[in-house]
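Student: Here you go, run12.cif (mmCIF, C-alpha atoms and all ligand atoms):
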data_work
loop_
_atom_site.label_atom_id
_atom_site.label_comp_id
_atom_site.auth_asym_id
_atom_site.auth_seq_id
_atom_site.Cartn_x
_atom_site.Cartn_y
_atom_site.Cartn_z
CA MET G 1 -28.33 -0.13 34.80
CA ALA G 2 -28.86 3.30 36.37
CA GLU G 3 -25.29 3.16 37.62
CA LEU G 4 -23.73 2.40 34.23
CA LYS G 5 -20.84 4.79 33.50
CA ILE G 6 -18.27 5.23 30.75
CA THR G 7 -14.87 4.33 32.23
CA ASN G 8 -12.53 4.65 29.24
CA VAL G 9 -12.40 5.80 25.60
CA ARG G 10 -9.56 4.49 23.42
CA ALA G 11 -8.52 4.78 19.77
CA ILE G 12 -7.26 1.63 18.04
CA LEU G 13 -5.27 2.21 14.84
CA THR G 14 -4.66 -0.59 12.37
CA ALA G 15 -3.92 -1.00 8.67
CA PRO G 16 -4.42 -4.65 7.71
CA VAL G 17 -4.84 -3.79 4.02
CA ALA G 18 -4.03 -0.41 2.47
CA SER G 19 -6.10 2.08 4.43
CA ARG G 20 -5.29 3.32 7.91
CA LEU G 21 -8.35 2.46 10.01
CA ILE G 22 -9.35 4.06 13.32
CA VAL G 23 -11.71 2.24 15.67
CA VAL G 24 -12.90 3.59 19.03
CA LYS G 25 -13.53 1.36 22.02
CA VAL G 26 -15.75 2.77 24.78
CA GLU G 27 -15.50 0.79 28.01
CA THR G 28 -18.06 0.87 30.83
CA SER G 29 -18.34 0.19 34.54
CA GLU G 30 -19.99 -3.15 33.79
CA PRO G 31 -17.24 -5.74 33.32
CA GLY G 32 -17.05 -6.94 29.72
CA LEU G 33 -19.56 -4.36 28.43
CA TYR G 34 -18.00 -2.14 25.78
CA GLY G 35 -18.88 -0.64 22.42
CA LEU G 36 -17.01 -0.14 19.13
CA GLY G 37 -17.26 2.68 16.61
CA CYS G 38 -15.58 3.75 13.38
CA ALA G 39 -13.59 7.00 13.34
CA THR G 40 -11.70 6.37 10.11
CA PHE G 41 -10.24 9.48 8.49
CA THR G 42 -7.38 7.69 6.83
CA GLN G 43 -5.52 10.79 5.58
CA ARG G 44 -5.30 12.37 9.09
CA HIS G 45 -5.38 9.29 11.32
CA THR G 46 -3.21 10.50 14.20
CA ALA G 47 -5.09 13.80 14.39
CA VAL G 48 -8.30 11.82 14.99
CA ARG G 49 -6.55 9.74 17.64
CA SER G 50 -5.53 12.93 19.42
CA ALA G 51 -9.08 14.32 19.26
CA ILE G 52 -10.33 11.08 20.85
CA GLU G 53 -7.73 10.46 23.51
CA ASP G 54 -6.74 14.03 24.40
CA PHE G 55 -10.25 15.54 24.35
CA LEU G 56 -13.26 13.22 23.99
CA LYS G 57 -11.97 10.81 26.61
CA LEU G 58 -12.02 13.60 29.21
CA PHE G 59 -15.48 14.64 28.07
CA PHE G 60 -17.08 11.17 28.12
CA VAL G 61 -15.51 9.31 31.05
CA GLY G 62 -17.92 9.22 34.02
CA LYS G 63 -21.02 9.86 31.89
CA ASP G 64 -24.05 7.58 31.37
CA PRO G 65 -23.60 5.86 27.96
CA HIS G 66 -27.36 5.58 27.49
CA ARG G 67 -27.84 9.32 26.96
CA ILE G 68 -26.67 9.19 23.32
CA GLU G 69 -28.70 12.12 21.96
CA ASP G 70 -27.66 14.53 24.70
CA LEU G 71 -24.04 13.34 24.75
CA TRP G 72 -23.73 13.63 20.98
CA HIS G 73 -24.97 17.20 20.92
CA THR G 74 -22.99 18.40 23.93
CA ALA G 75 -19.77 16.77 22.69
CA TRP G 76 -20.32 18.21 19.21
CA VAL G 77 -20.66 21.81 20.41
CA ASN G 78 -18.29 21.52 23.35
CA SER G 79 -15.30 22.38 21.13
CA TYR G 80 -17.26 25.54 20.17
CA TRP G 81 -15.71 25.38 16.67
CA ARG G 82 -17.08 22.21 15.11
CA ASN G 83 -18.06 20.32 11.94
CA GLY G 84 -14.59 19.45 10.67
CA PRO G 85 -13.75 15.91 9.54
CA VAL G 86 -11.24 15.30 12.38
CA LEU G 87 -13.67 16.19 15.16
CA ASN G 88 -16.65 14.56 13.43
CA ASN G 89 -14.78 11.29 12.95
CA ALA G 90 -13.64 11.28 16.57
CA LEU G 91 -17.21 11.90 17.72
CA SER G 92 -18.52 9.22 15.36
CA GLY G 93 -16.23 6.64 16.93
CA VAL G 94 -17.79 7.30 20.33
CA ASP G 95 -21.34 7.68 18.95
CA MET G 96 -21.34 4.30 17.18
CA ALA G 97 -19.83 2.71 20.28
CA LEU G 98 -22.68 4.11 22.41
CA TRP G 99 -25.28 2.61 20.02
CA ASP G 100 -23.34 -0.67 20.22
CA ILE G 101 -23.47 -0.55 24.04
CA LYS G 102 -27.17 0.30 24.06
CA GLY G 103 -27.91 -2.64 21.78
CA LYS G 104 -25.86 -5.00 23.95
CA VAL G 105 -27.70 -3.84 27.08
CA ALA G 106 -31.08 -4.21 25.32
CA GLY G 107 -30.11 -7.55 23.79
CA LEU G 108 -31.09 -6.18 20.34
CA PRO G 109 -29.25 -5.42 17.08
CA VAL G 110 -28.83 -1.70 16.42
CA TYR G 111 -31.23 -1.87 13.44
CA GLN G 112 -33.98 -2.76 15.93
CA LEU G 113 -33.20 0.37 17.96
CA LEU G 114 -33.43 2.42 14.75
CA GLY G 115 -36.97 1.26 13.99
CA GLY G 116 -36.55 -2.32 12.82
CA LYS G 117 -36.01 -3.86 9.40
CA CYS G 118 -37.53 -2.38 6.25
CA ARG G 119 -35.78 -5.12 4.23
CA GLU G 120 -33.77 -8.24 4.99
CA GLY G 121 -30.59 -7.24 3.18
CA ALA G 122 -29.20 -4.13 1.52
CA ALA G 123 -28.42 -4.20 -2.22
CA VAL G 124 -24.80 -3.23 -2.85
CA TYR G 125 -22.93 -1.79 -5.79
CA ARG G 126 -19.51 -2.97 -6.88
CA HIS G 127 -16.80 -1.14 -8.80
CA ALA G 128 -15.86 -2.28 -12.32
CA ASP G 129 -12.73 -0.68 -13.69
CA GLY G 130 -10.88 -1.37 -16.93
CA ARG G 131 -8.23 -0.08 -19.31
CA ASP G 132 -10.74 0.21 -22.16
CA GLU G 133 -14.45 -0.29 -22.88
CA VAL G 134 -14.17 -4.02 -23.57
CA HIS G 135 -12.19 -4.57 -20.38
CA VAL G 136 -14.83 -2.68 -18.34
CA GLU G 137 -17.56 -4.77 -20.00
CA GLU G 138 -15.76 -7.99 -19.00
CA ASN G 139 -15.54 -6.82 -15.42
CA VAL G 140 -19.20 -5.75 -15.35
CA ARG G 141 -20.20 -9.20 -16.59
CA ALA G 142 -18.00 -10.84 -13.94
CA TRP G 143 -19.85 -8.95 -11.17
CA MET G 144 -23.20 -9.79 -12.76
CA GLU G 145 -22.30 -13.50 -12.71
CA GLN G 146 -21.73 -13.18 -8.96
CA GLY G 147 -25.25 -11.85 -8.52
CA TYR G 148 -24.62 -8.12 -8.30
CA GLN G 149 -27.32 -5.89 -9.78
CA TYR G 150 -25.63 -2.51 -9.34
CA ILE G 151 -22.22 -1.80 -10.87
CA ARG G 152 -20.20 1.41 -10.96
CA CYS G 153 -18.25 1.67 -14.20
CA GLN G 154 -14.97 3.55 -14.48
CA MET G 155 -12.13 3.50 -16.99
CA GLY G 156 -8.61 3.86 -15.60
CA GLY G 157 -9.38 4.67 -11.97
CA TYR G 158 -11.34 7.88 -11.98
CA GLY G 159 -10.37 8.47 -15.57
CA GLY G 160 -8.23 10.57 -17.85
CA ARG G 161 -4.92 9.09 -16.83
CA PHE G 162 -4.18 7.42 -20.15
CA ALA G 163 -2.82 10.26 -22.18
CA VAL G 164 -1.77 13.33 -20.24
CA ARG G 165 -0.46 15.85 -22.70
CA ASP G 166 3.01 17.30 -22.43
CA ARG G 167 3.67 18.80 -19.05
CA PRO G 168 5.47 22.11 -18.60
CA GLU G 169 9.15 22.09 -17.70
CA ASN G 170 9.85 21.23 -14.06
CA ALA G 171 6.27 20.03 -13.55
CA GLN G 172 5.51 19.33 -9.91
CA PRO G 173 5.04 15.74 -8.74
CA GLY G 174 1.51 14.41 -8.48
CA SER G 175 -1.19 12.27 -10.01
CA TYR G 176 -1.71 13.77 -13.47
CA TYR G 177 -4.92 13.31 -15.39
CA ASP G 178 -6.63 14.98 -18.32
CA PRO G 179 -10.20 16.16 -17.56
CA ASP G 180 -11.04 16.64 -21.24
CA ILE G 181 -9.98 13.14 -22.28
CA TYR G 182 -11.81 11.77 -19.25
CA ALA G 183 -15.06 13.65 -20.01
CA ARG G 184 -15.09 12.48 -23.63
CA SER G 185 -14.36 8.87 -22.69
CA VAL G 186 -17.38 8.39 -20.43
CA PRO G 187 -20.31 8.69 -22.90
CA ALA G 188 -18.41 6.35 -25.23
CA LEU G 189 -17.99 3.86 -22.39
CA PHE G 190 -21.71 3.84 -21.59
CA GLU G 191 -22.67 3.67 -25.27
CA HIS G 192 -20.55 0.52 -25.47
CA LEU G 193 -21.89 -1.00 -22.23
CA ARG G 194 -25.57 -0.38 -22.96
CA SER G 195 -25.25 -1.64 -26.54
CA LYS G 196 -23.48 -4.84 -25.43
CA ILE G 197 -25.16 -5.59 -22.09
CA GLY G 198 -28.50 -3.82 -22.40
CA TYR G 199 -30.53 -2.03 -19.79
CA ASP G 200 -31.45 -4.85 -17.37
CA ILE G 201 -28.59 -3.94 -15.06
CA ASN G 202 -28.13 -0.85 -12.90
CA LEU G 203 -25.03 1.06 -13.97
CA LEU G 204 -23.46 3.93 -12.03
CA HIS G 205 -20.59 6.33 -12.64
CA ASP G 206 -18.47 8.48 -10.32
CA ILE G 207 -17.10 11.81 -11.59
CA HIS G 208 -15.21 12.16 -8.29
CA GLU G 209 -15.20 15.99 -8.63
CA ARG G 210 -12.81 15.64 -11.59
CA LEU G 211 -14.47 18.23 -13.85
CA VAL G 212 -14.99 21.95 -13.79
CA PRO G 213 -18.69 22.66 -13.11
CA ILE G 214 -19.86 23.36 -16.66
CA GLU G 215 -18.20 20.17 -17.91
CA ALA G 216 -19.99 18.22 -15.18
CA VAL G 217 -23.27 19.73 -16.42
CA ARG G 218 -22.42 18.69 -19.96
CA LEU G 219 -21.48 15.12 -18.96
CA ALA G 220 -24.63 14.62 -16.86
CA LYS G 221 -26.65 15.72 -19.91
CA GLN G 222 -24.74 13.47 -22.31
CA LEU G 223 -25.26 10.46 -20.03
CA GLU G 224 -29.05 10.90 -19.83
CA PRO G 225 -29.85 8.37 -22.60
CA TYR G 226 -27.92 5.62 -20.80
CA ARG G 227 -30.26 5.67 -17.77
CA LEU G 228 -27.67 5.56 -15.01
CA PHE G 229 -28.87 4.44 -11.59
CA PHE G 230 -26.96 7.49 -10.46
CA LEU G 231 -24.10 9.81 -11.30
CA GLU G 232 -21.87 10.13 -8.24
CA ASP G 233 -20.17 13.27 -6.96
CA PRO G 234 -20.49 15.34 -10.14
CA LEU G 235 -19.27 18.43 -8.27
CA PRO G 236 -17.09 19.24 -5.28
CA PRO G 237 -18.88 20.48 -2.12
CA GLU G 238 -17.52 23.95 -2.88
CA HIS G 239 -19.71 24.16 -6.00
CA ILE G 240 -23.05 22.80 -4.83
CA GLU G 241 -24.93 25.78 -6.30
CA TRP G 242 -24.25 24.24 -9.74
CA PHE G 243 -26.58 21.32 -8.99
CA GLN G 244 -29.48 23.53 -9.98
CA MET G 245 -27.89 23.91 -13.40
CA ILE G 246 -27.61 20.14 -13.86
CA ARG G 247 -31.23 19.67 -12.79
CA GLN G 248 -32.40 22.20 -15.35
CA GLN G 249 -30.62 20.31 -18.11
CA CYS G 250 -31.33 16.61 -17.58
CA THR G 251 -32.92 13.85 -15.53
CA THR G 252 -29.74 11.89 -14.80
CA PRO G 253 -30.13 10.85 -11.13
CA LEU G 254 -27.54 12.53 -8.92
CA ALA G 255 -25.73 11.20 -5.84
CA MET G 256 -23.71 13.49 -3.66
CA GLY G 257 -22.08 13.88 -0.28
CA GLU G 258 -19.13 11.60 0.47
CA LEU G 259 -17.07 14.67 1.39
CA PHE G 260 -19.78 16.44 3.37
CA VAL G 261 -19.12 17.28 7.01
CA HIS G 262 -21.61 20.07 7.69
CA PRO G 263 -25.44 20.21 7.62
CA LEU G 264 -25.28 23.39 5.54
CA GLU G 265 -23.79 21.32 2.74
CA TRP G 266 -26.69 18.85 2.44
CA LYS G 267 -29.71 20.86 3.59
CA PRO G 268 -30.18 22.98 0.44
CA LEU G 269 -29.55 20.03 -1.89
CA VAL G 270 -32.12 17.85 -0.12
CA THR G 271 -34.82 20.40 0.59
CA ASN G 272 -34.64 21.88 -2.92
CA ARG G 273 -34.75 18.35 -4.41
CA LEU G 274 -31.50 18.87 -6.30
CA ILE G 275 -30.09 15.40 -5.62
CA ASP G 276 -31.58 11.91 -5.63
CA PHE G 277 -29.20 10.08 -3.30
CA ILE G 278 -27.30 11.22 -0.21
CA ARG G 279 -24.03 9.36 0.20
CA CYS G 280 -22.19 10.75 3.20
CA HIS G 281 -19.28 9.00 4.86
CA ILE G 282 -21.11 8.25 8.13
CA SER G 283 -18.10 8.78 10.39
CA ALA G 284 -17.25 12.10 8.67
CA ILE G 285 -20.65 13.54 9.64
CA GLY G 286 -20.43 12.33 13.26
CA GLY G 287 -21.85 8.79 13.31
CA ILE G 288 -25.19 7.00 13.47
CA THR G 289 -27.01 9.76 15.41
CA PRO G 290 -26.72 12.46 12.71
CA ALA G 291 -26.99 9.89 9.88
CA LYS G 292 -30.38 8.67 11.09
CA LYS G 293 -31.63 12.26 11.23
CA LEU G 294 -30.26 12.92 7.75
CA ALA G 295 -31.95 9.79 6.38
CA THR G 296 -35.25 10.92 7.88
CA LEU G 297 -34.87 14.41 6.40
CA CYS G 298 -34.13 12.86 3.00
CA ASP G 299 -37.17 10.57 3.21
CA ALA G 300 -39.44 13.61 3.50
CA PHE G 301 -38.03 14.99 0.24
CA GLY G 302 -37.90 11.81 -1.85
CA VAL G 303 -34.12 11.45 -1.57
CA ARG G 304 -32.68 7.97 -0.99
CA THR G 305 -29.54 6.89 0.89
CA ALA G 306 -26.34 5.48 -0.62
CA TRP G 307 -23.83 5.74 2.21
CA HIS G 308 -20.12 5.85 1.36
CA GLY G 309 -18.55 2.39 1.72
CA PRO G 310 -14.98 2.27 0.36
CA GLY G 311 -11.87 0.60 1.81
CA ASP G 312 -11.25 3.53 4.12
CA VAL G 313 -14.30 2.68 6.19
CA SER G 314 -13.47 0.11 8.89
CA PRO G 315 -15.57 -3.07 9.11
CA VAL G 316 -17.17 -1.46 12.19
CA GLY G 317 -18.21 1.46 9.98
CA HIS G 318 -19.52 -0.93 7.32
CA ALA G 319 -21.60 -2.63 10.00
CA ALA G 320 -23.05 0.76 11.02
CA ASN G 321 -23.90 1.46 7.36
CA VAL G 322 -25.75 -1.84 7.06
CA HIS G 323 -27.78 -1.29 10.25
CA LEU G 324 -28.85 2.08 8.81
CA ASP G 325 -29.54 0.54 5.37
CA VAL G 326 -31.90 -2.14 6.55
CA SER G 327 -33.77 0.18 8.92
CA SER G 328 -34.21 3.20 6.60
CA ARG G 329 -37.32 3.10 4.43
CA ASN G 330 -35.68 5.38 1.86
CA PHE G 331 -32.57 3.25 1.42
CA GLY G 332 -31.30 3.22 -2.19
CA VAL G 333 -28.09 1.22 -2.50
CA GLN G 334 -24.94 0.56 -0.46
CA GLU G 335 -21.40 1.02 -1.82
CA TRP G 336 -19.44 -2.14 -1.06
CA SER G 337 -15.72 -2.54 -1.64
CA GLY G 338 -15.40 -6.03 -0.16
CA LEU G 339 -13.58 -7.17 2.95
CA SER G 340 -10.36 -9.20 2.94
CA ASP G 341 -9.84 -12.37 4.98
CA ILE G 342 -7.51 -10.56 7.37
CA GLU G 343 -10.08 -7.81 7.98
CA ARG G 344 -12.69 -10.46 8.77
CA GLU G 345 -10.24 -12.13 11.14
CA ILE G 346 -9.48 -8.90 12.98
CA PHE G 347 -13.16 -7.90 13.03
CA PRO G 348 -15.26 -11.02 13.76
CA GLY G 349 -18.93 -10.46 12.95
CA SER G 350 -18.25 -8.26 9.88
CA PRO G 351 -21.25 -7.89 7.54
CA GLU G 352 -21.64 -10.65 4.95
CA VAL G 353 -22.49 -10.24 1.26
CA ARG G 354 -24.45 -12.95 -0.53
CA ASN G 355 -25.76 -12.71 -4.09
CA GLY G 356 -25.60 -8.92 -4.28
CA TYR G 357 -27.01 -8.13 -0.84
CA VAL G 358 -25.18 -7.28 2.39
CA TYR G 359 -26.62 -8.57 5.65
CA PRO G 360 -26.07 -7.51 9.26
CA ASN G 361 -25.81 -10.30 11.77
CA ASP G 362 -28.42 -10.56 14.53
CA LYS G 363 -26.11 -10.25 17.50
CA PRO G 364 -26.88 -7.45 19.99
CA GLY G 365 -25.44 -4.02 19.18
CA LEU G 366 -23.50 -3.60 15.95
CA GLY G 367 -22.68 -7.31 16.11
CA ILE G 368 -18.99 -6.85 15.44
CA ASP G 369 -15.87 -7.21 17.60
CA ILE G 370 -12.13 -6.54 17.29
CA ASP G 371 -9.12 -8.75 17.98
CA GLU G 372 -6.78 -6.05 19.30
CA THR G 373 -3.74 -8.33 19.45
CA LEU G 374 -4.09 -9.19 15.77
CA ALA G 375 -4.89 -5.56 14.85
CA ALA G 376 -1.65 -4.45 16.52
CA LYS G 377 0.34 -6.60 14.08
CA TYR G 378 -0.68 -4.21 11.28
CA PRO G 379 0.57 -0.75 12.29
CA CYS G 380 -0.43 2.28 10.23
CA PRO G 381 2.18 3.33 7.66
CA GLU G 382 3.26 6.92 7.14
CA GLY G 383 3.13 8.69 3.80
CA VAL G 384 0.95 10.69 1.44
CA PRO G 385 -1.07 8.71 -1.15
CA GLU G 386 -0.20 9.94 -4.64
CA TRP G 387 -3.83 10.01 -5.79
CA THR G 388 -4.49 12.81 -3.30
CA LEU G 389 -2.07 15.03 -5.23
CA ALA G 390 -4.17 15.43 -8.38
CA ARG G 391 -2.92 17.70 -11.14
CA ALA G 392 -4.21 18.85 -14.52
CA PRO G 393 -1.96 18.44 -17.59
CA ASP G 394 -0.39 21.87 -17.09
CA GLY G 395 0.41 21.06 -13.46
CA THR G 396 -2.47 22.95 -11.85
CA ALA G 397 -3.59 21.40 -8.53
CA MET G 398 -7.06 19.82 -8.86
CA PHE G 399 -9.60 18.11 -6.61
CA PRO G 400 -8.51 14.48 -6.18
MG MG Q 501 -17.23 8.39 -4.88
#
Take the structure in this file and express it as structure tokens.
Tutor:
Amino acid sequence: MAELKITNVRAILTAPVASRLIVVKVETSEPGLYGLGCATFTQRHTAVRSAIEDFLKLFFVGKDPHRIEDLWHTAWVNSYWRNGPVLNNALSGVDMALWDIKGKVAGLPVYQLLGGKCREGAAVYRHADGRDEVHVEENVRAWMEQGYQYIRCQMGGYGGRFAVRDRPENAQPGSYYDPDIYARSVPALFEHLRSKIGYDINLLHDIHERLVPIEAVRLAKQLEPYRLFFLEDPLPPEHIEWFQMIRQQCTTPLAMGELFVHPLEWKPLVTNRLIDFIRCHISAIGGITPAKKLATLCDAFGVRTAWHGPGDVSPVGHAANVHLDVSSRNFGVQEWSGLSDIEREIFPGSPEVRNGYVYPNDKPGLGIDIDETLAAKYPCPEGVPEWTLARAPDGTAMFP
């Protein structure tokens, strides 16, 4: 094994459902030994491909794939300017693939390399949406009947889209919503849900950075009586100083971080105990190597993990999440958006959910593969998703 070398690094782009997925394949000098990693930054997919194939390939080819820690750090700083989502995702694709290779060589699942299981499966949360409170309640009950114990409740996507007031003349195109209507609708939703369903179910809510900071403070305070499992992304990363204000006002548990790309974003929130759950998008922070360190930092401060797990994480990325989940003592909950049949066909070995828990398989490495021929039948579409063009009622550009 001393002679093992990286011989190729490739980006594989595919969009079998809605999201453009980017998977990295790292090939080695040992025939048939390769690793897979997730590098999915769906809104800038070809930029990530360029970072991988035009830069990281040159950096990694010829190197020993076992030296993950050293390779991660040297590749991270080798661009000198660093920490952006494009470069972090590209690096994550290689990083996860190196853990996959190491597991295959060792004959062990990645969770064993990360310290072994702390639990057999990871509890997941599902997303219940609805046009009104009764509709949300129906959807919450439907998830509960399938065995889920954690449910994120939203009304009309991320809210406030029902009744946007009159727009100004020549209003610009975009996804209009009304933050005030949204903010007032949420306490009413949870009043309804708790009065009808009770408290023996973990309910969550995602503000999705849709409010100005003081309104986020107010909403967190208003939701306190409903005992949320957590309130997700109450503020954009640009306003993290406001977390202190929320903490001073209420005990609503706070989850933050799906947009984080830089350690300076999470360090003050964790070490000052201003959040309860860290929920980074693993590929956006650079992969398993930095995520394991972040989980360990959080453990020391009583913060649990709730890694980002939407449709714009590839099944390879979901597998990485689950290996971290089962091997982190301070795991909290895992976001789970479900995998389609075609995704499972393209990615054999995808994690399985049963009765509210997601399980890794016990194959060596990440335990997941890719059918490249089938993946190629689903090329990535062009275009800008409308939801990313969020606007307030008067047409002002907002955080999406
Ligand atoms: Mg979210």
Student: Write out as a list in words each polymer residue (protein, DNA or RNA) that has an atom no more than 7 Å from ligand MG 501 (chain Q), with only C-alpha atoms and all ligand atoms counted.
Tutor: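 Going residue by residue within 7 Å of ligand MG 501 (chain Q), we get Asp206, His208, Glu232, Asp233 and Glu258 of chain G.
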Student: Once you count only C-alpha atoms, what closest atom pair and distance in Å to one decimal does each residue of segment 40-90 of chain G within 12 Å of segment 315-321 of chain G have, with rows by chain and rising residue number, as JSON lines?
Tutor:
{"residue": "G:Thr40", "atom": "CA", "partner": "G:Gly317", "partner_atom": "CA", "distance": 8.2}
{"residue": "G:Phe41", "atom": "CA", "partner": "G:Gly317", "partner_atom": "CA", "distance": 11.4}
{"residue": "G:Asn89", "atom": "CA", "partner": "G:Gly317", "partner_atom": "CA", "distance": 10.8}
Student: Give me the residues within 12 Å of Arg210 of chain G as number ranges by chain, counting only C-alpha atoms and dropping any in the same chain fewer than 5 places off.
Tutor: G: 157-161, 176-183, 215-216, 219, 232-236, 390-392, 397-400
Student: Write the residues of the preceding selection, restricted to C-alpha atoms, as a PDB file, keeping the file's coordinate frame.
Tutor:
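See out32.pdb below for the written result:
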ATOM      1  CA  GLY G 157      -9.380   4.670 -11.970  1.00  0.00           C
ATOM      2  CA  TYR G 158     -11.340   7.880 -11.980  1.00  0.00           C
ATOM      3  CA  GLY G 159     -10.370   8.470 -15.570  1.00  0.00           C
ATOM      4  CA  GLY G 160      -8.230  10.570 -17.850  1.00  0.00           C
ATOM      5  CA  ARG G 161      -4.920   9.090 -16.830  1.00  0.00           C
ATOM      6  CA  TYR G 176      -1.710  13.770 -13.470  1.00  0.00           C
ATOM      7  CA  TYR G 177      -4.920  13.310 -15.390  1.00  0.00           C
ATOM      8  CA  ASP G 178      -6.630  14.980 -18.320  1.00  0.00           C
ATOM      9  CA  PRO G 179     -10.200  16.160 -17.560  1.00  0.00           C
ATOM     10  CA  ASP G 180     -11.040  16.640 -21.240  1.00  0.00           C
ATOM     11  CA  ILE G 181      -9.980  13.140 -22.280  1.00  0.00           C
ATOM     12  CA  TYR G 182     -11.810  11.770 -19.250  1.00  0.00           C
ATOM     13  CA  ALA G 183     -15.060  13.650 -20.010  1.00  0.00           C
ATOM     14  CA  GLU G 215     -18.200  20.170 -17.910  1.00  0.00           C
ATOM     15  CA  ALA G 216     -19.990  18.220 -15.180  1.00  0.00           C
ATOM     16  CA  LEU G 219     -21.480  15.120 -18.960  1.00  0.00           C
ATOM     17  CA  GLU G 232     -21.870  10.130  -8.240  1.00  0.00           C
ATOM     18  CA  ASP G 233     -20.170  13.270  -6.960  1.00  0.00           C
ATOM     19  CA  PRO G 234     -20.490  15.340 -10.140  1.00  0.00           C
ATOM     20  CA  LEU G 235     -19.270  18.430  -8.270  1.00  0.00           C
ATOM     21  CA  PRO G 236     -17.090  19.240  -5.280  1.00  0.00           C
ATOM     22  CA  ALA G 390      -4.170  15.430  -8.380  1.00  0.00           C
ATOM     23  CA  ARG G 391      -2.920  17.700 -11.140  1.00  0.00           C
ATOM     24  CA  ALA G 392      -4.210  18.850 -14.520  1.00  0.00           C
ATOM     25  CA  ALA G 397      -3.590  21.400  -8.530  1.00  0.00           C
ATOM     26  CA  MET G 398      -7.060  19.820  -8.860  1.00  0.00           C
ATOM     27  CA  PHE G 399      -9.600  18.110  -6.610  1.00  0.00           C
ATOM     28  CA  PRO G 400      -8.510  14.480  -6.180  1.00  0.00           C
TER      29      PRO G 400
END
Student: Residues near Asp299 of chain G, anyone? I mean within 9 Å using all atoms listed in the file, not counting same-chain ones fewer than 6 positions away, as a VMD selection string.
Tutor: chain G and resid 305 328 to 331
Student: Just the selected residues (C-alpha atoms), exported as a compact mmCIF listing (two decimals), in the frame of the given file, please.
Tutor:
# COMPACT_ATOMS: atom_id res chain seq x y z
CA THR G 305 -29.54 6.89 0.89
CA SER G 328 -34.21 3.20 6.60
CA ARG G 329 -37.32 3.10 4.43
CA ASN G 330 -35.68 5.38 1.86
CA PHE G 331 -32.57 3.25 1.42
Student: Given all atoms listed in the file as the basis, pick out the residue of G:Cys250, G:Tyr148, G:Ala11, G:Gln112 nearest to Ile52 of chain G.
Tutor: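 The answer is G:Ala11, which sits nearest to Ile52 of chain G.
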Student: Can you tell me how far atom CA of Leu231 of chain G sits from atom CA of Val261 of chain G, in Å to one decimal?
Tutor: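 Between these atoms lies a distance of 20.4 Å.
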Student: Could you add whatever atoms are missing so that segment 127-138 of chain G carries N, CA and C atoms, then write the result as a compact mmCIF listing (two decimals), keeping the file's coordinate frame?
Tutor:
# COMPACT_ATOMS: atom_id res chain seq x y z
N HIS G 127 -17.57 -2.06 -7.96
CA HIS G 127 -16.80 -1.14 -8.80
C HIS G 127 -16.13 -1.93 -9.93
N ALA G 128 -16.50 -1.62 -11.17
CA ALA G 128 -15.86 -2.28 -12.32
C ALA G 128 -14.97 -1.28 -13.02
N ASP G 129 -13.69 -1.55 -13.02
CA ASP G 129 -12.73 -0.68 -13.69
C ASP G 129 -12.19 -1.43 -14.91
N GLY G 130 -11.48 -0.71 -15.78
CA GLY G 130 -10.88 -1.37 -16.93
C GLY G 130 -10.04 -0.40 -17.72
N ARG G 131 -9.12 -0.96 -18.53
CA ARG G 131 -8.23 -0.08 -19.31
C ARG G 131 -8.94 0.45 -20.55
N ASP G 132 -9.96 -0.27 -21.02
CA ASP G 132 -10.74 0.21 -22.16
C ASP G 132 -12.18 -0.30 -22.02
N GLU G 133 -13.02 0.03 -23.00
CA GLU G 133 -14.45 -0.29 -22.88
C GLU G 133 -14.71 -1.80 -22.78
N VAL G 134 -13.96 -2.56 -23.57
CA VAL G 134 -14.17 -4.02 -23.57
C VAL G 134 -13.75 -4.61 -22.22
N HIS G 135 -12.67 -4.09 -21.68
CA HIS G 135 -12.19 -4.57 -20.38
C HIS G 135 -13.22 -4.25 -19.28
N VAL G 136 -13.78 -3.04 -19.32
CA VAL G 136 -14.83 -2.68 -18.34
C VAL G 136 -16.02 -3.62 -18.50
N GLU G 137 -16.41 -3.86 -19.74
CA GLU G 137 -17.56 -4.77 -20.00
C GLU G 137 -17.31 -6.14 -19.39
N GLU G 138 -16.09 -6.67 -19.57
CA GLU G 138 -15.76 -7.99 -19.00
C GLU G 138 -15.93 -7.97 -17.48
